[in-house]
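Visitor: I'm passing along coords_32.cif; it holds mmCIF, C-alpha atoms.
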```cif
data_data
loop_
_atom_site.label_atom_id
_atom_site.label_comp_id
_atom_site.auth_asym_id
_atom_site.auth_seq_id
_atom_site.Cartn_x
_atom_site.Cartn_y
_atom_site.Cartn_z
CA MET A 1 148.44 113.41 107.20
CA THR A 2 149.65 115.38 110.21
CA ARG A 3 148.08 115.03 113.64
CA THR A 4 146.86 118.62 113.47
CA LYS A 5 144.95 117.93 110.26
CA VAL A 6 143.44 114.75 111.71
CA LEU A 7 142.28 116.64 114.78
CA ARG A 8 140.88 119.50 112.69
CA ARG A 9 138.94 117.14 110.43
CA SER A 10 137.48 115.39 113.50
CA LEU A 11 136.29 118.67 115.00
CA VAL A 12 134.69 119.63 111.69
CA GLN A 13 132.76 116.35 111.70
CA PHE A 14 131.52 116.98 115.24
CA ARG A 15 130.28 120.47 114.32
CA THR A 16 128.62 119.14 111.20
CA HIS A 17 126.63 116.48 113.10
CA PRO A 18 125.96 117.92 116.59
CA LEU A 19 123.05 115.59 117.44
CA ARG A 20 125.00 112.48 116.54
CA THR A 21 127.96 113.75 118.55
CA ALA A 22 125.74 114.50 121.55
CA LEU A 23 124.22 111.03 121.47
CA ALA A 24 127.66 109.44 121.33
CA LEU A 25 128.81 111.62 124.24
CA LEU A 26 125.77 110.85 126.38
CA GLY A 27 126.63 107.22 127.07
CA MET A 28 130.18 108.10 128.13
CA VAL A 29 129.04 111.03 130.29
CA LEU A 30 126.55 108.88 132.18
CA GLY A 31 128.99 106.01 132.67
CA VAL A 32 131.87 108.17 133.93
CA SER A 33 129.65 110.31 136.14
CA SER A 34 128.22 107.13 137.70
CA VAL A 35 131.69 105.82 138.55
CA VAL A 36 132.88 109.14 139.97
CA GLY A 37 129.68 109.80 141.91
CA MET A 38 129.46 106.36 143.48
CA VAL A 39 133.11 106.20 144.48
CA SER A 40 132.98 109.77 145.89
CA ILE A 41 130.04 108.91 148.11
CA GLY A 42 131.73 105.67 149.14
CA GLU A 43 134.96 107.50 149.98
CA GLY A 44 132.96 110.03 151.98
CA ALA A 45 131.35 107.22 153.97
CA GLN A 46 134.79 105.78 154.67
CA ARG A 47 136.05 109.11 156.00
CA GLU A 48 132.93 109.52 158.11
CA ILE A 49 133.63 106.15 159.71
CA LEU A 50 137.17 107.26 160.54
CA ALA A 51 135.88 110.55 161.97
CA SER A 52 133.35 108.69 164.10
CA ILE A 53 136.00 106.37 165.51
CA GLU A 54 138.36 109.27 166.17
CA ALA A 55 135.57 111.19 167.94
CA LEU A 56 135.78 108.74 170.86
CA GLY A 57 139.47 108.03 170.42
CA GLY A 58 140.98 105.73 167.85
CA ASP A 59 143.42 104.44 170.47
CA VAL A 60 140.78 103.58 173.09
CA VAL A 61 139.26 100.19 173.93
CA HIS A 62 135.75 100.37 175.39
CA VAL A 63 134.04 97.79 177.59
CA LYS A 64 130.30 98.35 177.39
CA ALA A 65 127.81 96.77 179.78
CA LYS A 66 125.02 94.73 178.23
CA ASP A 67 121.47 95.11 179.45
CA VAL A 68 120.29 92.11 181.46
CA PRO A 69 116.52 91.55 181.81
CA ASP A 70 115.27 91.84 185.39
CA GLU A 71 113.97 88.29 185.39
CA LYS A 72 117.48 86.94 184.67
CA VAL A 73 119.34 89.04 187.24
CA GLY A 74 118.49 86.60 190.06
CA GLU A 75 119.95 83.69 188.06
CA ILE A 76 123.36 85.27 187.47
CA VAL A 77 123.85 87.73 190.34
CA ASN A 78 125.86 85.18 192.37
CA ASP A 79 128.33 84.77 189.51
CA SER A 80 128.56 88.33 188.23
CA ARG A 81 127.62 91.78 189.47
CA GLY A 82 127.84 93.33 186.03
CA LEU A 83 130.37 95.91 184.90
CA ASN A 84 131.78 97.74 187.91
CA ARG A 85 134.74 99.75 189.11
CA ASN A 86 136.45 96.62 190.46
CA ASP A 87 137.08 95.64 186.82
CA LEU A 88 139.43 98.62 186.39
CA SER A 89 142.53 96.93 187.80
CA ALA A 90 141.97 93.88 185.61
CA VAL A 91 141.60 96.09 182.55
CA ARG A 92 144.80 97.97 183.34
CA SER A 93 146.82 94.79 183.72
CA ALA A 94 145.32 93.15 180.63
CA VAL A 95 146.15 96.04 178.29
CA GLY A 96 149.71 96.25 179.55
CA GLY A 97 149.58 99.25 181.85
CA ALA A 98 147.26 101.58 179.96
CA ALA A 99 148.16 105.23 180.32
CA GLU A 100 144.62 106.19 181.26
CA THR A 101 141.36 104.52 182.20
CA GLY A 102 137.95 105.96 182.93
CA TYR A 103 134.32 105.01 183.35
CA ALA A 104 130.86 106.48 182.97
CA ARG A 105 127.21 105.74 183.54
CA TRP A 106 124.26 107.07 181.57
CA SER A 107 120.86 107.55 183.17
CA ALA A 108 117.67 109.50 182.60
CA LEU A 109 117.96 113.13 183.69
CA GLY A 110 114.78 112.83 185.73
CA VAL A 111 113.43 115.79 187.73
CA THR A 112 115.07 119.05 186.70
CA ASP A 113 114.35 122.73 186.22
CA LEU A 114 116.25 122.97 182.93
CA PRO A 115 114.10 125.07 180.56
CA VAL A 116 114.18 122.49 177.78
CA SER A 117 112.43 119.28 176.85
CA THR A 118 114.47 116.57 178.55
CA TYR A 119 113.03 113.40 177.03
CA ASN A 120 116.32 112.66 175.22
CA VAL A 121 118.71 114.46 177.60
CA LYS A 122 120.87 112.10 179.66
CA LEU A 123 122.68 112.49 182.94
CA VAL A 124 126.23 111.22 182.43
CA ALA A 125 128.20 110.45 185.57
CA VAL A 126 131.89 110.24 184.69
CA GLU A 127 135.28 109.81 186.19
CA PRO A 128 136.98 113.09 185.15
CA THR A 129 139.78 111.27 183.26
CA LEU A 130 137.14 110.38 180.68
CA PHE A 131 137.34 113.95 179.33
CA ASP A 132 140.77 113.14 177.91
CA ILE A 133 140.01 109.55 176.93
CA HIS A 134 136.76 110.36 175.09
CA ARG A 135 138.21 113.61 173.76
CA LEU A 136 135.61 115.90 175.29
CA LYS A 137 136.66 119.45 174.50
CA VAL A 138 135.41 122.34 176.60
CA ARG A 139 133.97 125.30 174.72
CA THR A 140 133.49 127.64 177.71
CA GLY A 141 134.45 127.37 181.36
CA ARG A 142 136.30 124.33 182.62
CA ARG A 143 136.09 120.55 182.61
CA LEU A 144 135.40 118.38 185.63
CA LEU A 145 138.39 117.91 187.91
CA ALA A 146 139.55 114.95 189.97
CA LEU A 147 138.84 116.92 193.17
CA ASP A 148 135.24 117.44 192.02
CA ASP A 149 134.83 113.68 192.05
CA VAL A 150 136.76 113.08 195.27
CA TYR A 151 134.80 115.65 197.28
CA GLY A 152 131.45 115.02 195.58
CA ARG A 153 131.09 118.61 194.39
CA ARG A 154 127.78 119.60 192.79
CA VAL A 155 129.15 120.87 189.51
CA ALA A 156 128.08 120.09 185.95
CA VAL A 157 129.27 120.48 182.38
CA LEU A 158 126.54 120.82 179.74
CA GLY A 159 126.60 119.26 176.29
CA SER A 160 126.49 121.68 173.38
CA ASP A 161 122.83 121.05 172.46
CA VAL A 162 121.61 121.36 176.05
CA ALA A 163 123.61 124.55 176.68
CA GLU A 164 122.42 126.26 173.50
CA ARG A 165 118.75 125.41 174.06
CA ALA A 166 118.62 125.98 177.82
CA PHE A 167 120.85 129.05 178.13
CA PRO A 168 121.23 130.90 174.81
CA GLY A 169 122.84 133.84 176.62
CA GLY A 170 125.49 131.71 178.32
CA ALA A 171 125.34 128.80 180.76
CA LEU A 172 128.37 129.47 182.99
CA GLY A 173 127.49 130.10 186.61
CA LYS A 174 123.87 129.03 186.21
CA ARG A 175 122.37 126.75 188.85
CA ILE A 176 120.25 123.83 187.74
CA ARG A 177 118.26 121.33 189.76
CA ILE A 178 118.78 117.63 189.15
CA GLY A 179 116.61 115.51 191.38
CA TYR A 180 116.69 117.24 194.77
CA ALA A 181 120.17 118.72 194.43
CA TYR A 182 121.35 121.95 192.81
CA PHE A 183 124.38 121.93 190.53
CA GLU A 184 126.49 124.83 189.31
CA VAL A 185 127.31 124.87 185.58
CA VAL A 186 131.09 125.22 185.32
CA GLY A 187 131.54 124.49 181.62
CA THR A 188 130.04 123.61 178.26
CA LEU A 189 131.29 121.12 175.68
CA GLU A 190 132.25 121.51 172.06
CA PRO A 191 129.79 119.65 169.83
CA LYS A 192 130.83 116.17 168.77
CA ARG A 193 129.83 114.85 165.37
CA ALA A 194 129.68 111.24 164.27
CA GLY A 195 127.50 109.80 161.54
CA ALA A 196 128.60 106.17 161.53
CA ASP A 197 126.74 103.48 163.39
CA LEU A 198 128.96 102.82 166.42
CA PRO A 199 128.16 100.95 169.64
CA LEU A 200 129.15 104.13 171.51
CA ASP A 201 127.72 107.28 169.97
CA PRO A 202 129.93 110.37 170.50
CA GLU A 203 126.95 112.60 169.72
CA SER A 204 125.25 111.48 172.95
CA TYR A 205 127.50 113.94 174.80
CA ASN A 206 125.83 116.81 172.91
CA ARG A 207 122.56 115.98 174.68
CA ALA A 208 124.02 115.33 178.12
CA VAL A 209 124.52 116.87 181.52
CA VAL A 210 127.93 115.63 182.70
CA VAL A 211 128.55 115.42 186.46
CA PRO A 212 131.19 113.77 188.70
CA PHE A 213 130.54 110.07 189.22
CA ASN A 214 130.64 110.10 193.02
CA THR A 215 128.35 113.13 193.17
CA ALA A 216 125.79 111.41 190.98
CA VAL A 217 125.89 108.26 193.11
CA GLU A 218 125.45 110.17 196.37
CA GLU A 219 123.04 112.90 195.31
CA VAL A 220 121.05 111.89 192.24
CA ALA A 221 121.24 108.39 190.77
CA PRO A 222 122.45 105.43 192.84
CA PRO A 223 123.88 102.49 190.86
CA ASP A 224 121.52 99.99 189.26
CA THR A 225 120.73 96.76 191.05
CA TYR A 226 122.96 94.75 188.74
CA LYS A 227 125.59 96.94 187.09
CA GLU A 228 127.49 99.91 188.47
CA ILE A 229 128.80 101.52 185.29
CA ASP A 230 127.82 101.48 181.61
CA VAL A 231 131.20 101.86 179.97
CA LEU A 232 134.81 101.44 180.95
CA SER A 233 137.42 102.89 178.57
CA ALA A 234 141.15 102.25 178.44
CA LYS A 235 143.67 104.12 176.33
CA VAL A 236 146.32 102.02 174.57
CA GLY A 237 149.32 102.80 172.41
CA GLY A 238 147.47 103.30 169.13
CA LEU A 239 144.73 102.11 166.78
CA ALA A 240 146.72 99.03 165.77
CA GLU A 241 146.87 97.86 169.41
CA THR A 242 143.15 98.04 170.15
CA LEU A 243 142.31 94.65 168.64
CA ALA A 244 145.12 92.94 170.57
CA ALA A 245 143.89 94.64 173.75
CA LYS A 246 140.38 93.33 173.10
CA ARG A 247 141.67 89.78 172.75
CA ALA A 248 143.60 90.11 176.01
CA LEU A 249 140.67 91.64 177.88
CA GLY A 250 138.06 89.05 176.91
CA PRO A 251 139.32 86.06 178.97
CA VAL A 252 140.14 88.24 181.99
CA LEU A 253 136.71 89.85 182.19
CA ARG A 254 134.89 86.58 181.51
CA ALA A 255 136.75 85.02 184.43
CA LEU A 256 135.82 87.93 186.71
CA HIS A 257 132.19 87.74 185.61
CA GLY A 258 131.83 84.01 186.14
CA GLY A 259 131.85 83.23 182.44
CA ILE A 260 128.78 85.40 181.84
CA GLU A 261 128.85 87.60 178.72
CA ASP A 262 127.24 90.65 180.31
CA PHE A 263 129.66 93.02 178.60
CA GLU A 264 130.84 93.89 175.10
CA ILE A 265 134.39 94.87 174.20
CA ILE A 266 134.67 97.45 171.44
CA ALA A 267 137.95 97.77 169.52
CA PRO A 268 138.08 100.63 166.98
CA GLU A 269 140.42 98.65 164.71
CA GLU A 270 137.92 95.80 164.47
CA ILE A 271 135.05 98.20 163.73
CA LEU A 272 137.14 99.93 161.09
CA GLU A 273 138.06 96.66 159.39
CA LYS A 274 134.43 95.51 159.31
CA LYS A 275 133.28 98.83 157.90
CA ARG A 276 136.05 98.79 155.31
CA ALA A 277 135.19 95.25 154.23
CA THR A 278 131.51 96.17 153.88
CA GLN A 279 132.37 99.38 152.03
CA ALA A 280 134.79 97.53 149.73
CA ILE A 281 132.07 95.07 148.70
CA LEU A 282 129.66 97.94 148.11
CA ASN A 283 132.25 99.83 146.06
CA VAL A 284 132.90 96.76 143.89
CA VAL A 285 129.18 96.32 143.25
CA LEU A 286 128.59 99.99 142.48
CA THR A 287 131.70 100.29 140.32
CA SER A 288 130.70 97.16 138.39
CA ILE A 289 127.30 98.68 137.68
CA ALA A 290 128.96 101.91 136.57
CA ALA A 291 131.44 99.97 134.41
CA ILE A 292 128.51 98.30 132.67
CA SER A 293 127.20 101.79 131.94
CA LEU A 294 130.55 102.61 130.36
CA LEU A 295 130.42 99.40 128.35
CA VAL A 296 126.97 100.32 127.05
CA GLY A 297 128.30 103.80 126.27
CA GLY A 298 131.20 102.26 124.36
CA ILE A 299 128.83 100.12 122.31
CA GLY A 300 126.84 103.26 121.55
CA VAL A 301 130.01 105.00 120.36
CA MET A 302 130.84 102.04 118.12
CA ASN A 303 127.35 102.03 116.61
CA ILE A 304 127.54 105.76 115.95
CA MET A 305 130.96 105.38 114.34
CA LEU A 306 129.75 102.51 112.12
CA ALA A 307 126.79 104.59 111.00
CA ASN A 308 129.20 107.45 110.42
CA ILE A 309 131.29 105.28 108.09
CA MET A 310 128.29 104.32 105.99
CA GLU A 311 127.27 107.96 105.67
CA ARG A 312 130.78 109.10 104.78
CA ILE A 313 131.57 106.23 102.42
CA THR A 314 131.94 108.61 99.46
CA GLU A 315 134.29 110.87 101.40
CA ILE A 316 136.44 107.85 102.27
CA GLY A 317 136.54 106.79 98.61
CA LEU A 318 137.55 110.29 97.44
CA ARG A 319 140.29 110.58 100.01
CA ARG A 320 141.65 107.16 99.10
CA ALA A 321 141.48 108.11 95.39
CA VAL A 322 143.56 111.26 95.91
CA GLY A 323 146.26 109.45 97.85
CA ALA A 324 145.17 108.94 101.46
CA SER A 325 146.54 105.70 102.89
CA LYS A 326 144.65 103.11 104.90
CA LYS A 327 146.53 104.35 107.96
CA ASP A 328 145.25 107.90 107.38
CA ILE A 329 141.64 106.71 107.22
CA ARG A 330 142.07 104.46 110.24
CA ASP A 331 143.70 107.19 112.32
CA GLN A 332 140.96 109.66 111.37
CA PHE A 333 138.13 107.51 112.69
CA LEU A 334 140.09 106.27 115.70
CA VAL A 335 140.88 109.86 116.75
CA GLU A 336 137.22 110.79 116.39
CA SER A 337 136.25 107.91 118.69
CA VAL A 338 138.88 108.82 121.29
CA ILE A 339 137.92 112.52 121.23
CA ILE A 340 134.28 111.63 121.86
CA CYS A 341 135.24 109.50 124.85
CA PHE A 342 137.79 112.07 126.07
CA VAL A 343 135.24 114.89 126.04
CA GLY A 344 132.56 112.59 127.45
CA GLY A 345 134.92 111.53 130.23
CA THR A 346 135.76 115.13 131.12
CA ILE A 347 132.11 116.14 131.27
CA GLY A 348 131.32 112.94 133.20
CA VAL A 349 133.95 113.67 135.87
CA VAL A 350 132.61 117.20 136.42
CA LEU A 351 128.99 116.00 136.40
CA GLY A 352 129.80 113.06 138.72
CA TYR A 353 131.31 115.32 141.36
CA ALA A 354 128.52 117.88 140.99
CA VAL A 355 125.81 115.24 141.39
CA SER A 356 127.55 113.49 144.30
CA PHE A 357 127.98 116.75 146.24
CA ALA A 358 124.36 117.68 145.50
CA VAL A 359 123.19 114.28 146.78
CA GLY A 360 125.42 114.67 149.84
CA TRP A 361 123.95 118.09 150.58
CA ALA A 362 120.37 116.91 150.07
CA PHE A 363 120.66 113.76 152.19
CA HIS A 364 123.30 114.99 154.66
CA LEU A 365 125.92 112.53 153.47
CA THR A 366 129.66 113.02 153.59
CA VAL A 367 131.16 113.20 150.09
CA ALA A 368 134.89 113.20 149.39
CA PHE A 369 136.96 114.14 146.35
CA ALA A 370 138.41 110.80 145.29
CA TRP A 371 141.12 111.59 142.74
CA MET A 372 141.74 107.88 142.14
CA ALA A 373 138.11 107.54 141.03
CA MET A 374 138.58 110.44 138.64
CA VAL A 375 141.74 108.95 137.12
CA PHE A 376 140.17 105.49 136.90
CA ALA A 377 136.93 106.68 135.29
CA PHE A 378 138.69 109.05 132.91
CA SER A 379 141.26 106.46 131.84
CA LEU A 380 138.51 103.89 131.41
CA SER A 381 136.53 106.22 129.16
CA VAL A 382 139.56 106.90 126.93
CA GLY A 383 140.28 103.15 126.88
CA VAL A 384 136.69 102.50 125.83
CA GLY A 385 137.19 104.98 122.98
CA LEU A 386 140.25 103.08 121.80
CA VAL A 387 138.74 99.61 122.15
CA PHE A 388 135.37 100.38 120.60
CA GLY A 389 136.85 102.68 117.99
CA ILE A 390 139.37 100.23 116.57
CA TRP A 391 136.91 98.04 114.67
CA PRO A 392 135.02 100.91 112.99
CA ALA A 393 138.38 102.55 112.16
CA MET A 394 139.76 99.33 110.66
CA ARG A 395 136.55 98.81 108.71
CA ALA A 396 136.76 102.33 107.32
CA SER A 397 140.39 101.80 106.29
CA ARG A 398 139.45 98.67 104.33
CA VAL A 399 136.83 100.39 102.19
CA ASN A 400 137.57 99.86 98.50
CA PRO A 401 137.75 103.35 96.91
CA VAL A 402 136.29 102.09 93.61
CA VAL A 403 133.27 100.53 95.32
CA ALA A 404 132.87 103.61 97.52
CA LEU A 405 132.79 105.98 94.52
CA GLN A 406 130.37 103.74 92.62
CA ARG A 407 127.86 104.13 95.48
CA GLU A 408 127.70 107.85 94.77
#
```
Re-express the file's structure as structure tokens.
Guide:
Amino acid sequence: MTRTKVLRRSLVQFRTHPLRTALALLGMVLGVSSVVGMVSIGEGAQREILASIEALGGDVVHVKAKDVPDEKVGEIVNDSRGLNRNDLSAVRSAVGGAAETGYARWSALGVTDLPVSTYNVKLVAVEPTLFDIHRLKVRTGRRLLALDDVYGRRVAVLGSDVAERAFPGGALGKRIRIGYAYFEVVGTLEPKRAGADLPLDPESYNRAVVVPFNTAVEEVAPPDTYKEIDVLSAKVGGLAETLAAKRALGPVLRALHGGIEDFEIIAPEEILEKKRATQAILNVVLTSIAAISLLVGGIGVMNIMLANIMERITEIGLRRAVGASKKDIRDQFLVESVIICFVGGTIGVVLGYAVSFAVGWAFHLTVAFAWMAMVFAFSLSVGVGLVFGIWPAMRASRVNPVVALQRE
């Protein structure tokens, strides 16, 4: 029997028994869609992690000050004065002559005449080089300049959220009061987006008023009793060098701080590896669950095919009686099993992506098209059709035509 005839006979059987066909398809559709959906959401999470790391620079090592309770400051102040600008030279030498370094300090905005609720708006005092290191892009106006910091100019750059809420018509040239000083708005920032849980959140710049460091110290917010800055960032050669830079920085800073761990060194490569390891474990668990769904679907296909053989026993006997070989019967049922899984896999891939993007939209998750997941799930469904279709097909081919006709 030609392949065309085998395929045509299979399609006739599917049209003749639509409910049975639908039930056989259902298990495969659910299994494949589960694999595709879970891996797509997992791939989206992985890309979101990368975007979050890149938002603050994938080639930047950050030294973040730890909060020290007031009651412990007196015990350690003789050994360490917290993170401060004197650590800059040590950082530069430890990372092998970093191209750029910068620092910043976050504090409450305090008294201001900004026409917005300021409970979550921060005053960020920065060394202007941090605009390049933290990849702060200016939407309108200009960034802070080195001369602004040197001469203590009262200028400010507003984060995207603050600018849009406070000055919908445009913030450039506006004068705002911070504490007892008036600052001129010289620029606004592009919004930064980052959904991953990072020790430094790029989105904090969206809700910030950024001013020169020296101006903030002199006019608005003197340094804390213990620490001078909150973060010190150093640019290295690339993502692969950040972990080595962290290892070099640790002993140097601990020596400067009298062995006190009042700082945290953040290496993007290390964060990425941890996130990848966690995501890999999650993907294995989710894919295993989805594979079990495919296994159950395959068992359902086998049960349907076995029931199909019993119902079509007379047809098998007649075909054998008029000359059909065992191979013809076997191929017929095997093709039917593979077609069911092929169609179920195709529908499952489409449904998996549709559901994953719907879930991503509903819960604000990043979802990515993972073509490897599609190939894996689709190939697995066709493989299930072959594996679970072989035994019913072999059983059908072994039916004795005489016994089959006697049943009629």
Visitor: Quick one: residues within 10 Å of Tyr119 in chain A, all atoms listed in the file, excluding same-chain residues fewer than 4 positions away - as a JSON list (two decimals) with C-alpha atoms, keeping the file's coordinate frame?
Guide:
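The file below, out_24.json, is the result:
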```json
[["chain", "number", "residue", "atom", "x", "y", "z"],
["A", 108, "ALA", "CA", 117.67, 109.50, 182.60],
["A", 109, "LEU", "CA", 117.96, 113.13, 183.69],
["A", 110, "GLY", "CA", 114.78, 112.83, 185.73]]
```
Visitor: Decode the PyMOL selection byres ((chain A and resi 299) around 10) for the given file into explicit residues and return them as a ChimeraX atom specification.
Guide: /A:24,27-28,293-298,300-305,384-385,387-389
Visitor: Between CA of Val95 in chain A and CA of Asp132 in chain A, what is the distance in Å, rounded to a tenth?
Guide: 17.9 Å
Visitor: List the spatial neighbours of Gly58 in chain A as a list in words - criterion: any atom at most 10 Å away, all atoms listed in the file, same-chain residues fewer than 5 positions off excluded.
Guide: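 Contacts, with the query itself left out: Leu50, Ala51, Ser52, Ile53, Ile133, His134, Lys235, Val236, Gly237, Gly238, Leu239, Ala240, Glu241, Thr242, Ala267, Pro268, Glu269 and Leu272 of chain A.
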Visitor: Evaluated on this file, the PyMOL selection byres ((chain A and resi 30-43) around 9) picks out some residues - which ones are they, written as a PDB file with C-alpha atoms, keeping the file's coordinate frame?
Guide:
```pdb
ATOM      1  CA  LEU A  25     128.810 111.620 124.240  1.00  0.00           C
ATOM      2  CA  LEU A  26     125.770 110.850 126.380  1.00  0.00           C
ATOM      3  CA  GLY A  27     126.630 107.220 127.070  1.00  0.00           C
ATOM      4  CA  MET A  28     130.180 108.100 128.130  1.00  0.00           C
ATOM      5  CA  VAL A  29     129.040 111.030 130.290  1.00  0.00           C
ATOM      6  CA  GLY A  44     132.960 110.030 151.980  1.00  0.00           C
ATOM      7  CA  ALA A  45     131.350 107.220 153.970  1.00  0.00           C
ATOM      8  CA  GLN A  46     134.790 105.780 154.670  1.00  0.00           C
ATOM      9  CA  ARG A  47     136.050 109.110 156.000  1.00  0.00           C
ATOM     10  CA  GLU A  48     132.930 109.520 158.110  1.00  0.00           C
ATOM     11  CA  GLN A 279     132.370  99.380 152.030  1.00  0.00           C
ATOM     12  CA  ALA A 280     134.790  97.530 149.730  1.00  0.00           C
ATOM     13  CA  LEU A 282     129.660  97.940 148.110  1.00  0.00           C
ATOM     14  CA  ASN A 283     132.250  99.830 146.060  1.00  0.00           C
ATOM     15  CA  LEU A 286     128.590  99.990 142.480  1.00  0.00           C
ATOM     16  CA  THR A 287     131.700 100.290 140.320  1.00  0.00           C
ATOM     17  CA  SER A 288     130.700  97.160 138.390  1.00  0.00           C
ATOM     18  CA  ILE A 289     127.300  98.680 137.680  1.00  0.00           C
ATOM     19  CA  ALA A 290     128.960 101.910 136.570  1.00  0.00           C
ATOM     20  CA  ALA A 291     131.440  99.970 134.410  1.00  0.00           C
ATOM     21  CA  ILE A 292     128.510  98.300 132.670  1.00  0.00           C
ATOM     22  CA  SER A 293     127.200 101.790 131.940  1.00  0.00           C
ATOM     23  CA  LEU A 294     130.550 102.610 130.360  1.00  0.00           C
ATOM     24  CA  LEU A 295     130.420  99.400 128.350  1.00  0.00           C
ATOM     25  CA  VAL A 296     126.970 100.320 127.050  1.00  0.00           C
ATOM     26  CA  GLY A 297     128.300 103.800 126.270  1.00  0.00           C
ATOM     27  CA  GLY A 344     132.560 112.590 127.450  1.00  0.00           C
ATOM     28  CA  GLY A 345     134.920 111.530 130.230  1.00  0.00           C
ATOM     29  CA  THR A 346     135.760 115.130 131.120  1.00  0.00           C
ATOM     30  CA  ILE A 347     132.110 116.140 131.270  1.00  0.00           C
ATOM     31  CA  GLY A 348     131.320 112.940 133.200  1.00  0.00           C
ATOM     32  CA  VAL A 349     133.950 113.670 135.870  1.00  0.00           C
ATOM     33  CA  VAL A 350     132.610 117.200 136.420  1.00  0.00           C
ATOM     34  CA  LEU A 351     128.990 116.000 136.400  1.00  0.00           C
ATOM     35  CA  GLY A 352     129.800 113.060 138.720  1.00  0.00           C
ATOM     36  CA  TYR A 353     131.310 115.320 141.360  1.00  0.00           C
ATOM     37  CA  ALA A 354     128.520 117.880 140.990  1.00  0.00           C
ATOM     38  CA  VAL A 355     125.810 115.240 141.390  1.00  0.00           C
ATOM     39  CA  SER A 356     127.550 113.490 144.300  1.00  0.00           C
ATOM     40  CA  PHE A 357     127.980 116.750 146.240  1.00  0.00           C
ATOM     41  CA  VAL A 359     123.190 114.280 146.780  1.00  0.00           C
ATOM     42  CA  GLY A 360     125.420 114.670 149.840  1.00  0.00           C
ATOM     43  CA  LEU A 365     125.920 112.530 153.470  1.00  0.00           C
ATOM     44  CA  THR A 366     129.660 113.020 153.590  1.00  0.00           C
ATOM     45  CA  VAL A 367     131.160 113.200 150.090  1.00  0.00           C
ATOM     46  CA  ALA A 368     134.890 113.200 149.390  1.00  0.00           C
ATOM     47  CA  PHE A 369     136.960 114.140 146.350  1.00  0.00           C
ATOM     48  CA  ALA A 370     138.410 110.800 145.290  1.00  0.00           C
ATOM     49  CA  TRP A 371     141.120 111.590 142.740  1.00  0.00           C
ATOM     50  CA  ALA A 373     138.110 107.540 141.030  1.00  0.00           C
ATOM     51  CA  MET A 374     138.580 110.440 138.640  1.00  0.00           C
ATOM     52  CA  PHE A 376     140.170 105.490 136.900  1.00  0.00           C
ATOM     53  CA  ALA A 377     136.930 106.680 135.290  1.00  0.00           C
ATOM     54  CA  PHE A 378     138.690 109.050 132.910  1.00  0.00           C
ATOM     55  CA  LEU A 380     138.510 103.890 131.410  1.00  0.00           C
ATOM     56  CA  SER A 381     136.530 106.220 129.160  1.00  0.00           C
TER      57      SER A 381
END
```
Visitor: Using all atoms listed in the file, find the one residue out of A:Asn214, A:Asn84, A:Ser160, A:Ser89 that sits nearest to Asp148 in chain A.
Guide: A:Asn214
Visitor: CA of Glu273 in chain A to CA of Asp201 in chain A: how many Å, to one decimal?
Guide: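 CA of Asp201 in chain A lies 18.2 Å from CA of Glu273 in chain A.
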Visitor: Go ahead and compute the interatomic distance for CA of Ile390 in chain A and CA of Ile313 in chain A, in Å to one decimal.
Guide: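 These two atoms are separated by 17.2 Å.
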Visitor: Can you tell me, as a list of chain:residue names, what residues are no more than 12 Å from Asn78 in chain A when counting all atoms listed in the file, ignoring any on the same chain fewer than 6 positions away?
Guide: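 The filter keeps A:Lys72, A:Tyr226, A:Leu256, A:His257, A:Gly258, A:Gly259, A:Ile260.
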Visitor: Can you tell me which residues surround Val185 in chain A at a distance of at most 8 Å, considering only C-alpha atoms, apart from same-chain residues fewer than 5 positions away, and format the answer as a ChimeraX atom specification?
Guide: /A:155-158,171-176
Visitor: Write to file, as a PDB file, keeping the file's coordinate frame, the residues of the selection just made, with C-alpha atoms.
Guide:
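result10.pdb, written as the output of this step:
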```
ATOM      1  CA  VAL A 155     129.150 120.870 189.510  1.00  0.00           C
ATOM      2  CA  ALA A 156     128.080 120.090 185.950  1.00  0.00           C
ATOM      3  CA  VAL A 157     129.270 120.480 182.380  1.00  0.00           C
ATOM      4  CA  LEU A 158     126.540 120.820 179.740  1.00  0.00           C
ATOM      5  CA  ALA A 171     125.340 128.800 180.760  1.00  0.00           C
ATOM      6  CA  LEU A 172     128.370 129.470 182.990  1.00  0.00           C
ATOM      7  CA  GLY A 173     127.490 130.100 186.610  1.00  0.00           C
ATOM      8  CA  LYS A 174     123.870 129.030 186.210  1.00  0.00           C
ATOM      9  CA  ARG A 175     122.370 126.750 188.850  1.00  0.00           C
ATOM     10  CA  ILE A 176     120.250 123.830 187.740  1.00  0.00           C
TER      11      ILE A 176
END
```
